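Novice: Got a structure for you, questions after.
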Amino acid sequence: MKFIGISEGFHDAAIAVVDEYNQLQFATQAERYTRIKNDKWLPDNLVHKEKGDQVIYYENTEFKKARREHYGQSRIELKREYDVKTIFHHESHMAAGLYTAPFSDDVVCVVIDAVGEYDTATIWKDGKKVWSKQYPWSLGMFYSSITKRIGLKPNEDEYITMGMAAYGDAEIDMSEEVHSDCSYGFPLTKWFWKHPYDIAASAQYTIEVEILKIMQEARKYGSKLVYGGGVALNCVANSKIRPMFDDMWIFPNPGDAGSALGCILAHTKKKLHYPHTFWGENIIRDLDVNKIVKKLVYKKVCGVANGQAEFGPRALGNRSLLADVRTDVKDTVNEIKRRQKFRPFAPAILEEFYDEYFEGYANEYMQFVSKAKHDYTSVTHVDGTARVQVVKNDGSNLRQILEYYYEITKVPMLLNTSLNIKGQPIVNTWEDAKQFETKYGVDVL
């Protein structure tokens, strides 16, 4: 039996396919094909159901409808016409992490997000829920409400709020607001005398305090942490969680999109081999490493679109915009991507050089922040940190590019950001790549 996992109806719809041998065949987000950022519905041509296939949905629709009706919120109907098996929202998040984690002993799972049915924060042991907090209390909604309050787009720009926090002072007491019903956001008159940077900094501090309280409770249940839900994308908070546990795994797509796979794993309850996160659309073309590196050395910026697209929010080398770190190209890349100038960029570094250039925790999925020990300002945030991508010796596209770049420049890292423009999905197909090249004047190889 083939399993088709579906996450759709709210935001960032996705699909995953696992075959009868428990092998992941394909996983992608709807936006990559519809070209609508965070599209909440899958296009019909992505869902290929055959006789005997089991379709699984990432949350319990009846419980979610009941909650929305109780609070006078709008109803959302399923788009699919055929019967599906439903999984509880937080269980899907939990399973995405638990059954892909590289460890299996003494594990505790934590899920923190906005809301699915009723749960907004949960702790799991051996696949069973042992602790929870329910709506309307919600750390995810609190942070999204702050994002909206400072003029950004909720459910999309929270990572900008996190980056903005480094510019401000955490001088606003939000201990009351974080425990309030944030469903309808905060009015513009709230903290109107404060700079958005200070609002962001205060919110970041507040949510870190609350997350660490939950993690202290979770530590009672295990020494190795599996962490999921949209709040797990907050890499600044993740770096403060990491020392509390002996090991830590965050599924590379911890938000609702990743639950397309999570709901399948919650159903099968089988460990799934997850060696990387390249499971999407495949661009099958020769990787001309020599040409790419020459572009980087002489033109400073180059796009790369090759191989299977990343399943998750981070571009990790197959749909990336790369830049030469030896000159401060931050403003140039921000201009290409139509982003605010204060926004930081991430470095991708050869694994064996990490300790020479950074200190702290880092992994291959850009899930933590590290302290920089170098002077390359193009990949260092205002607070001296960077969201580092460690590139292992795995023969990946980015590994090959970095190795040749290092051979020429003796610098083992590049600026790596997603191949897209602010507010648009990441490039998916080769046709998308060529359109990007034509429209924005950036070579894409």
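Ligands are numbered from 1 in the order shown, residues from 1 within each chain, and chains are lettered A, B, ... in the order they appear in the structure tokens.
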Can you list, as a list in words, every protein, DNA or RNA residue that comes within 10 Å of A:Lys299 when you count only C-alpha atoms, leaving out same-chain residues fewer than 2 positions away?
Specialist: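 Contacts, with the query itself left out: Val293, Lys294, Lys295, Leu296, Val297, Val301, Cys302, Ala323, Asp324, Val442 and Asp443 of chain A.
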Novice: Would you put the residues from that selection into a file with all heavy atoms, as a tab-separated table (two decimals), in the first residue's frame?
Specialist:
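That gives us selection.tsv:
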```tsv
chain	number	residue	atom	x	y	z
A	293	VAL	N	31.68	28.38	-9.71
A	293	VAL	CA	32.70	29.03	-8.86
A	293	VAL	C	33.34	30.21	-9.57
A	293	VAL	O	33.61	31.25	-8.95
A	293	VAL	CB	33.75	28.00	-8.42
A	293	VAL	CG1	34.91	28.69	-7.69
A	293	VAL	CG2	33.12	26.95	-7.50
A	294	LYS	N	33.56	30.10	-10.86
A	294	LYS	CA	34.11	31.24	-11.61
A	294	LYS	C	33.14	32.43	-11.56
A	294	LYS	O	33.57	33.59	-11.42
A	294	LYS	CB	34.39	30.84	-13.06
A	294	LYS	CG	35.67	30.01	-13.21
A	294	LYS	CD	35.97	29.70	-14.67
A	294	LYS	CE	37.29	28.94	-14.80
A	294	LYS	NZ	37.59	28.60	-16.22
A	295	LYS	N	31.84	32.16	-11.67
A	295	LYS	CA	30.85	33.23	-11.56
A	295	LYS	C	30.93	33.89	-10.18
A	295	LYS	O	30.85	35.11	-10.04
A	295	LYS	CB	29.44	32.67	-11.77
A	295	LYS	CG	29.14	32.20	-13.18
A	295	LYS	CD	28.85	33.35	-14.12
A	295	LYS	CE	28.44	32.82	-15.49
A	295	LYS	NZ	28.25	33.91	-16.47
A	296	LEU	N	31.09	33.05	-9.15
A	296	LEU	CA	31.16	33.58	-7.79
A	296	LEU	C	32.40	34.43	-7.58
A	296	LEU	O	32.35	35.48	-6.92
A	296	LEU	CB	31.14	32.42	-6.78
A	296	LEU	CG	29.80	31.70	-6.63
A	296	LEU	CD1	29.96	30.40	-5.86
A	296	LEU	CD2	28.79	32.60	-5.94
A	297	VAL	N	33.50	34.01	-8.11
A	297	VAL	CA	34.76	34.74	-7.93
A	297	VAL	C	34.75	36.06	-8.68
A	297	VAL	O	35.21	37.08	-8.16
A	297	VAL	CB	35.95	33.86	-8.37
A	297	VAL	CG1	37.24	34.68	-8.42
A	297	VAL	CG2	36.12	32.68	-7.41
A	301	VAL	N	27.98	36.82	-7.27
A	301	VAL	CA	26.68	36.21	-6.97
A	301	VAL	C	26.31	35.24	-8.09
A	301	VAL	O	26.54	35.52	-9.26
A	301	VAL	CB	25.57	37.28	-6.83
A	301	VAL	CG1	24.23	36.63	-6.56
A	301	VAL	CG2	25.91	38.28	-5.72
A	302	CYS	N	25.72	34.10	-7.71
A	302	CYS	CA	25.30	33.12	-8.71
A	302	CYS	C	24.17	32.27	-8.14
A	302	CYS	O	24.22	31.87	-6.97
A	302	CYS	CB	26.48	32.23	-9.10
A	302	CYS	SG	26.08	31.00	-10.36
A	323	ALA	N	26.81	33.55	-2.78
A	323	ALA	CA	27.61	34.76	-2.97
A	323	ALA	C	28.97	34.60	-2.30
A	323	ALA	O	29.14	33.87	-1.32
A	323	ALA	CB	26.89	35.99	-2.40
A	324	ASP	N	29.94	35.30	-2.85
A	324	ASP	CA	31.33	35.30	-2.38
A	324	ASP	C	31.41	36.12	-1.09
A	324	ASP	O	31.10	37.31	-1.08
A	324	ASP	CB	32.20	35.92	-3.48
A	324	ASP	CG	33.69	35.82	-3.20
A	324	ASP	OD1	34.07	35.64	-2.04
A	324	ASP	OD2	34.47	35.93	-4.17
A	442	VAL	N	20.39	37.70	-12.72
A	442	VAL	CA	21.33	36.86	-11.96
A	442	VAL	C	21.52	35.55	-12.70
A	442	VAL	O	20.55	34.88	-13.02
A	442	VAL	CB	20.81	36.58	-10.53
A	442	VAL	CG1	21.74	35.66	-9.78
A	442	VAL	CG2	20.61	37.89	-9.76
A	443	ASP	N	22.76	35.18	-12.96
A	443	ASP	CA	23.02	33.91	-13.63
A	443	ASP	C	22.57	32.76	-12.74
A	443	ASP	O	22.94	32.70	-11.57
A	443	ASP	CB	24.51	33.76	-13.94
A	443	ASP	CG	24.99	34.78	-14.98
A	443	ASP	OD1	24.22	35.09	-15.89
A	443	ASP	OD2	26.14	35.25	-14.86
```
Novice: Could you find all residues in stretch 69-184 of chain A that DSSP calls helix (DSSP H, G or I) from the backbone, and write them as an NGL selection string?
Specialist: :A and (69-70 or 89-98 or 139-149 or 158-165 or 177-179)
Novice: Have a look at atom CA of A:Gly185 and atom CA of A:Asn155 and let me know their distance in Å, one decimal.
Specialist: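 Computed distance, atom CA of A:Gly185 to atom CA of A:Asn155, equals 12.4 Å.
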Novice: So that I can check the surroundings of stretch 212-217 of chain A, please list as a PyMOL selection string every protein, DNA and RNA residue that reaches within 9 Å of it, counting only C-alpha atoms and ignoring chain neighbours fewer than 2 positions away.
Specialist: chain A and resi 110+121-123+131+207-210+219-221+225+237+240-241+244
Novice: Okay, now the selection with N, CA, C and O atoms, as a PDB file, in the first residue's frame?
Specialist:
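File produced: again27.pdb:
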```pdb
ATOM      1  N   VAL A 110       8.682  17.325  21.950  1.00  0.00           N
ATOM      2  CA  VAL A 110       7.973  18.564  22.269  1.00  0.00           C
ATOM      3  C   VAL A 110       7.449  19.170  20.979  1.00  0.00           C
ATOM      4  O   VAL A 110       8.164  19.223  19.971  1.00  0.00           O
ATOM      5  N   ALA A 121       0.744  23.443  22.738  1.00  0.00           N
ATOM      6  CA  ALA A 121       2.063  22.986  23.177  1.00  0.00           C
ATOM      7  C   ALA A 121       1.872  21.620  23.829  1.00  0.00           C
ATOM      8  O   ALA A 121       0.962  21.450  24.659  1.00  0.00           O
ATOM      9  N   THR A 122       2.686  20.648  23.436  1.00  0.00           N
ATOM     10  CA  THR A 122       2.541  19.292  23.976  1.00  0.00           C
ATOM     11  C   THR A 122       3.909  18.661  24.226  1.00  0.00           C
ATOM     12  O   THR A 122       4.887  18.998  23.566  1.00  0.00           O
ATOM     13  N   ILE A 123       3.929  17.723  25.174  1.00  0.00           N
ATOM     14  CA  ILE A 123       5.101  16.893  25.437  1.00  0.00           C
ATOM     15  C   ILE A 123       4.675  15.443  25.260  1.00  0.00           C
ATOM     16  O   ILE A 123       3.591  15.036  25.721  1.00  0.00           O
ATOM     17  N   TRP A 131       1.734  15.783  28.499  1.00  0.00           N
ATOM     18  CA  TRP A 131       1.566  17.161  29.013  1.00  0.00           C
ATOM     19  C   TRP A 131       1.060  18.020  27.866  1.00  0.00           C
ATOM     20  O   TRP A 131       1.433  17.790  26.705  1.00  0.00           O
ATOM     21  N   ILE A 207       9.199  34.908  24.524  1.00  0.00           N
ATOM     22  CA  ILE A 207       8.899  33.563  24.031  1.00  0.00           C
ATOM     23  C   ILE A 207      10.011  32.587  24.415  1.00  0.00           C
ATOM     24  O   ILE A 207       9.747  31.412  24.703  1.00  0.00           O
ATOM     25  N   GLU A 208      11.245  33.058  24.476  1.00  0.00           N
ATOM     26  CA  GLU A 208      12.339  32.188  24.917  1.00  0.00           C
ATOM     27  C   GLU A 208      12.125  31.737  26.361  1.00  0.00           C
ATOM     28  O   GLU A 208      12.330  30.565  26.698  1.00  0.00           O
ATOM     29  N   VAL A 209      11.704  32.664  27.210  1.00  0.00           N
ATOM     30  CA  VAL A 209      11.440  32.322  28.619  1.00  0.00           C
ATOM     31  C   VAL A 209      10.379  31.226  28.702  1.00  0.00           C
ATOM     32  O   VAL A 209      10.530  30.245  29.440  1.00  0.00           O
ATOM     33  N   GLU A 210       9.308  31.385  27.936  1.00  0.00           N
ATOM     34  CA  GLU A 210       8.208  30.420  27.976  1.00  0.00           C
ATOM     35  C   GLU A 210       8.606  29.076  27.366  1.00  0.00           C
ATOM     36  O   GLU A 210       8.219  28.012  27.870  1.00  0.00           O
ATOM     37  N   ARG A 219      12.418  17.847  30.004  1.00  0.00           N
ATOM     38  CA  ARG A 219      13.685  17.189  30.398  1.00  0.00           C
ATOM     39  C   ARG A 219      13.451  16.102  31.440  1.00  0.00           C
ATOM     40  O   ARG A 219      14.253  15.172  31.554  1.00  0.00           O
ATOM     41  N   LYS A 220      12.346  16.166  32.148  1.00  0.00           N
ATOM     42  CA  LYS A 220      12.015  15.141  33.137  1.00  0.00           C
ATOM     43  C   LYS A 220      11.708  13.798  32.470  1.00  0.00           C
ATOM     44  O   LYS A 220      11.781  12.752  33.113  1.00  0.00           O
ATOM     45  N   TYR A 221      11.354  13.851  31.190  1.00  0.00           N
ATOM     46  CA  TYR A 221      10.909  12.649  30.484  1.00  0.00           C
ATOM     47  C   TYR A 221      11.975  12.035  29.572  1.00  0.00           C
ATOM     48  O   TYR A 221      11.777  10.948  29.044  1.00  0.00           O
ATOM     49  N   LEU A 225      16.088  15.218  22.857  1.00  0.00           N
ATOM     50  CA  LEU A 225      14.900  15.971  22.475  1.00  0.00           C
ATOM     51  C   LEU A 225      14.586  15.857  20.990  1.00  0.00           C
ATOM     52  O   LEU A 225      15.462  16.032  20.139  1.00  0.00           O
ATOM     53  N   ALA A 237      16.065  30.770  19.690  1.00  0.00           N
ATOM     54  CA  ALA A 237      15.590  30.019  20.857  1.00  0.00           C
ATOM     55  C   ALA A 237      16.156  28.607  20.863  1.00  0.00           C
ATOM     56  O   ALA A 237      16.528  28.078  21.920  1.00  0.00           O
ATOM     57  N   LYS A 240      19.368  28.085  22.618  1.00  0.00           N
ATOM     58  CA  LYS A 240      19.315  28.130  24.085  1.00  0.00           C
ATOM     59  C   LYS A 240      18.720  26.846  24.654  1.00  0.00           C
ATOM     60  O   LYS A 240      18.986  26.489  25.808  1.00  0.00           O
ATOM     61  N   ILE A 241      17.953  26.146  23.837  1.00  0.00           N
ATOM     62  CA  ILE A 241      17.411  24.855  24.251  1.00  0.00           C
ATOM     63  C   ILE A 241      18.489  23.771  24.200  1.00  0.00           C
ATOM     64  O   ILE A 241      18.566  22.914  25.084  1.00  0.00           O
ATOM     65  N   MET A 244      20.444  21.994  27.045  1.00  0.00           N
ATOM     66  CA  MET A 244      19.648  21.322  28.070  1.00  0.00           C
ATOM     67  C   MET A 244      19.553  19.818  27.841  1.00  0.00           C
ATOM     68  O   MET A 244      19.159  19.071  28.742  1.00  0.00           O
TER      69      MET A 244
END
```
Novice: Please give the complete set of residues from stretch 91-206 of chain A that DSSP, run on the backbone, assigns to strand (DSSP E), formatted as a list in words.
Specialist: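 Across stretch 91-206 of chain A, those assigned strand (DSSP E) are Val107, Val108, Cys109, Val110, Val111, Ile112, Asp119, Thr120, Ala121, Thr122, Ile123, Trp124, Lys125, Lys128, Lys129, Val130, Trp131, Ser132, Lys133 and Gln134 of chain A.
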Novice: Please report the interatomic distance between atom CA of A:Asn60 and atom CA of A:Ser104 in Å with one decimal.
Specialist: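 Taking atom CA of A:Asn60 and atom CA of A:Ser104, their separation equals 27.0 Å.
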Novice: Which of these residues is nearest to A:Ala114, using only C-alpha atoms: A:Tyr440, A:Phe10, A:Phe345, A:Tyr205?
Specialist: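 Counting only C-alpha atoms, the residue closest to A:Ala114 is A:Phe10.
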Novice: What's around stretch 423-430 of chain A at 7 Å? Count only C-alpha atoms, leave out sequence neighbours fewer than 6 positions away in its own chain, and write the answer as a VMD selection string.
Specialist: chain A and resid 31 to 32 35 to 37 281 283 309 319
Novice: Just N, CA, C and O atoms for this one: save the residues we selected as a PDB file, in the first residue's frame.
Specialist:
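Saved to selection.pdb:
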```
ATOM      1  N   GLU A  31       3.119  25.625  -2.806  1.00  0.00           N
ATOM      2  CA  GLU A  31       3.558  26.918  -3.343  1.00  0.00           C
ATOM      3  C   GLU A  31       4.593  26.785  -4.445  1.00  0.00           C
ATOM      4  O   GLU A  31       4.682  27.647  -5.321  1.00  0.00           O
ATOM      5  N   ARG A  32       5.377  25.714  -4.415  1.00  0.00           N
ATOM      6  CA  ARG A  32       6.424  25.552  -5.423  1.00  0.00           C
ATOM      7  C   ARG A  32       5.818  25.376  -6.819  1.00  0.00           C
ATOM      8  O   ARG A  32       6.473  25.685  -7.818  1.00  0.00           O
ATOM      9  N   ARG A  35       2.986  28.713  -7.385  1.00  0.00           N
ATOM     10  CA  ARG A  35       3.707  29.990  -7.333  1.00  0.00           C
ATOM     11  C   ARG A  35       2.966  31.029  -6.483  1.00  0.00           C
ATOM     12  O   ARG A  35       3.147  32.236  -6.646  1.00  0.00           O
ATOM     13  N   ILE A  36       2.146  30.540  -5.536  1.00  0.00           N
ATOM     14  CA  ILE A  36       1.461  31.399  -4.572  1.00  0.00           C
ATOM     15  C   ILE A  36       2.106  31.140  -3.213  1.00  0.00           C
ATOM     16  O   ILE A  36       2.024  30.021  -2.684  1.00  0.00           O
ATOM     17  N   LYS A  37       2.746  32.134  -2.646  1.00  0.00           N
ATOM     18  CA  LYS A  37       3.480  31.967  -1.393  1.00  0.00           C
ATOM     19  C   LYS A  37       2.562  31.411  -0.299  1.00  0.00           C
ATOM     20  O   LYS A  37       1.466  31.932  -0.060  1.00  0.00           O
ATOM     21  N   GLU A 281      10.766  18.489  -6.541  1.00  0.00           N
ATOM     22  CA  GLU A 281      10.933  18.519  -8.002  1.00  0.00           C
ATOM     23  C   GLU A 281      12.405  18.334  -8.366  1.00  0.00           C
ATOM     24  O   GLU A 281      13.289  18.968  -7.790  1.00  0.00           O
ATOM     25  N   ILE A 283      15.460  18.699 -10.938  1.00  0.00           N
ATOM     26  CA  ILE A 283      16.061  19.309 -12.124  1.00  0.00           C
ATOM     27  C   ILE A 283      17.272  18.457 -12.493  1.00  0.00           C
ATOM     28  O   ILE A 283      18.264  18.420 -11.766  1.00  0.00           O
ATOM     29  N   ALA A 309      14.480  19.458  -5.211  1.00  0.00           N
ATOM     30  CA  ALA A 309      14.247  20.627  -4.368  1.00  0.00           C
ATOM     31  C   ALA A 309      14.142  20.234  -2.899  1.00  0.00           C
ATOM     32  O   ALA A 309      13.698  19.139  -2.556  1.00  0.00           O
ATOM     33  N   ARG A 319      18.493  24.840  -4.508  1.00  0.00           N
ATOM     34  CA  ARG A 319      17.737  25.999  -5.021  1.00  0.00           C
ATOM     35  C   ARG A 319      18.239  27.237  -4.270  1.00  0.00           C
ATOM     36  O   ARG A 319      17.516  27.898  -3.554  1.00  0.00           O
TER      37      ARG A 319
END
```
Novice: Would you mind reading off the distance between atom CA of A:Tyr159 and atom CA of A:Gln389, one decimal, in Å?
Specialist: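 Interatomic distance, atom CA of A:Tyr159 to atom CA of A:Gln389: 16.3 Å.
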Novice: Near A:Met366, counting only C-alpha atoms, which residues have an atom at most 9 Å away, once you skip same-chain residues fewer than 2 positions from it, shown as a PDB file with C-alpha atoms, in the first residue's frame?
Specialist:
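Everything below was put into result_5.pdb:
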```
ATOM      1  CA  CYS A 235      16.770  29.181  15.642  1.00  0.00           C
ATOM      2  CA  PRO A 252      13.999  19.904   8.696  1.00  0.00           C
ATOM      3  CA  ARG A 314      15.569  26.565   3.903  1.00  0.00           C
ATOM      4  CA  LEU A 316      20.393  24.103   1.267  1.00  0.00           C
ATOM      5  CA  ALA A 346      23.459  32.562   6.402  1.00  0.00           C
ATOM      6  CA  ALA A 348      27.348  27.550   4.392  1.00  0.00           C
ATOM      7  CA  ALA A 362      25.112  24.106  14.228  1.00  0.00           C
ATOM      8  CA  ASN A 363      23.895  21.472  11.789  1.00  0.00           C
ATOM      9  CA  GLU A 364      23.202  20.931   8.095  1.00  0.00           C
ATOM     10  CA  PHE A 368      20.736  27.105  15.297  1.00  0.00           C
ATOM     11  CA  VAL A 369      22.751  30.294  15.558  1.00  0.00           C
ATOM     12  CA  ARG A 387      22.598  30.803  11.222  1.00  0.00           C
ATOM     13  CA  VAL A 388      25.212  28.383   9.949  1.00  0.00           C
ATOM     14  CA  GLN A 389      24.713  25.547   7.497  1.00  0.00           C
ATOM     15  CA  VAL A 390      27.321  22.863   8.092  1.00  0.00           C
TER      16      VAL A 390
END
```
Novice: Which residue, A:His381, A:Lys337, A:Lys291, A:Arg326, has the smallest gap to A:Tyr404 when you use only C-alpha atoms?
Specialist: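 Among the listed residues, A:Lys291 lies closest to A:Tyr404.
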Novice: List the neighbours of A:Val226 out to 10 Å using only C-alpha atoms; skip same-chain residues closer than 5 positions along the sequence, and give me the result as a PyMOL selection string.
Specialist: chain A and resi 94-104+107-111+123-124+247-251
Novice: Output the selection as a short mmCIF file (atom, residue, chain, number, x, y, z; two decimals), in the first residue's frame - C-alpha atoms for each residue.
Specialist:
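Once everything was written out, this is part.cif:
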```cif
data_model
loop_
_atom_site.label_atom_id
_atom_site.label_comp_id
_atom_site.auth_asym_id
_atom_site.auth_seq_id
_atom_site.Cartn_x
_atom_site.Cartn_y
_atom_site.Cartn_z
CA MET A 94 5.46 14.73 16.84
CA ALA A 95 5.63 11.77 14.45
CA ALA A 96 7.49 13.75 11.78
CA GLY A 97 10.30 14.21 14.28
CA LEU A 98 10.16 10.98 16.27
CA TYR A 99 10.20 8.60 13.32
CA THR A 100 12.93 10.43 11.39
CA ALA A 101 15.22 11.14 14.36
CA PRO A 102 18.77 9.70 14.22
CA PHE A 103 18.40 8.37 17.78
CA SER A 104 15.72 6.29 19.51
CA VAL A 107 13.64 10.38 23.74
CA VAL A 108 11.14 13.08 24.66
CA CYS A 109 9.16 14.97 22.01
CA VAL A 110 7.97 18.56 22.27
CA VAL A 111 5.59 20.32 19.86
CA ILE A 123 5.10 16.89 25.44
CA TRP A 124 5.21 13.27 24.26
CA ASP A 247 21.08 15.38 21.72
CA MET A 248 18.42 17.21 19.74
CA TRP A 249 16.59 16.60 16.45
CA ILE A 250 14.35 19.07 14.67
CA PHE A 251 12.71 17.67 11.56
#
```
Novice: So, with only C-alpha atoms as the atoms that count, which of A:Met1, A:Gly230, A:Glu352, A:Gly222 lies closest to A:Ala257?
Specialist: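 Going through A:Met1, A:Gly230, A:Glu352, A:Gly222 one by one, the smallest distance to A:Ala257 is for A:Gly230.
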Novice: Neighbouring residues of A:Val325 were defined as those with any atom within 7 Å, considering only C-alpha atoms; residues of the same chain fewer than 6 positions away were excluded. Please report them as a list in words.
Specialist: Tyr376, Ser378, Leu414 and Leu415 of chain A
Novice: Keeping only N, CA, C and O atoms, take the residues you just selected and write them out as a PDB file, in the first residue's frame.
Specialist:
```
ATOM      1  N   TYR A 376      34.004  38.155   8.333  1.00  0.00           N
ATOM      2  CA  TYR A 376      33.206  38.246   7.102  1.00  0.00           C
ATOM      3  C   TYR A 376      31.820  38.803   7.441  1.00  0.00           C
ATOM      4  O   TYR A 376      30.920  38.086   7.867  1.00  0.00           O
ATOM      5  N   SER A 378      29.416  39.899   5.630  1.00  0.00           N
ATOM      6  CA  SER A 378      28.282  39.583   4.763  1.00  0.00           C
ATOM      7  C   SER A 378      27.435  38.447   5.324  1.00  0.00           C
ATOM      8  O   SER A 378      26.262  38.310   4.969  1.00  0.00           O
ATOM      9  N   LEU A 414      30.521  30.074   1.892  1.00  0.00           N
ATOM     10  CA  LEU A 414      29.823  30.969   0.982  1.00  0.00           C
ATOM     11  C   LEU A 414      28.560  31.494   1.654  1.00  0.00           C
ATOM     12  O   LEU A 414      28.023  30.861   2.567  1.00  0.00           O
ATOM     13  N   LEU A 415      28.093  32.635   1.202  1.00  0.00           N
ATOM     14  CA  LEU A 415      26.767  33.098   1.598  1.00  0.00           C
ATOM     15  C   LEU A 415      25.749  32.233   0.870  1.00  0.00           C
ATOM     16  O   LEU A 415      25.863  32.000  -0.335  1.00  0.00           O
TER      17      LEU A 415
END
```
Novice: Between A:Gly168, A:Pro43, A:Gly5, A:Pro344, which is the closest to A:Ile56 once you count only C-alpha atoms?
Specialist: A:Gly5
Novice: So, with only C-alpha atoms as the atoms that count, which of A:Glu407, A:Thr61, A:Glu335, A:Lys373 lies closest to A:Glu359?
Specialist: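 The shortest atom-to-atom distance to A:Glu359 comes from A:Lys373.
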Novice: Which of these residues is nearest to A:Gly441, using only C-alpha atoms: A:Ile336, A:Met162, A:Trp193, A:Leu402?
Specialist: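 Answer, going by the shortest atom-to-atom distance: A:Ile336.
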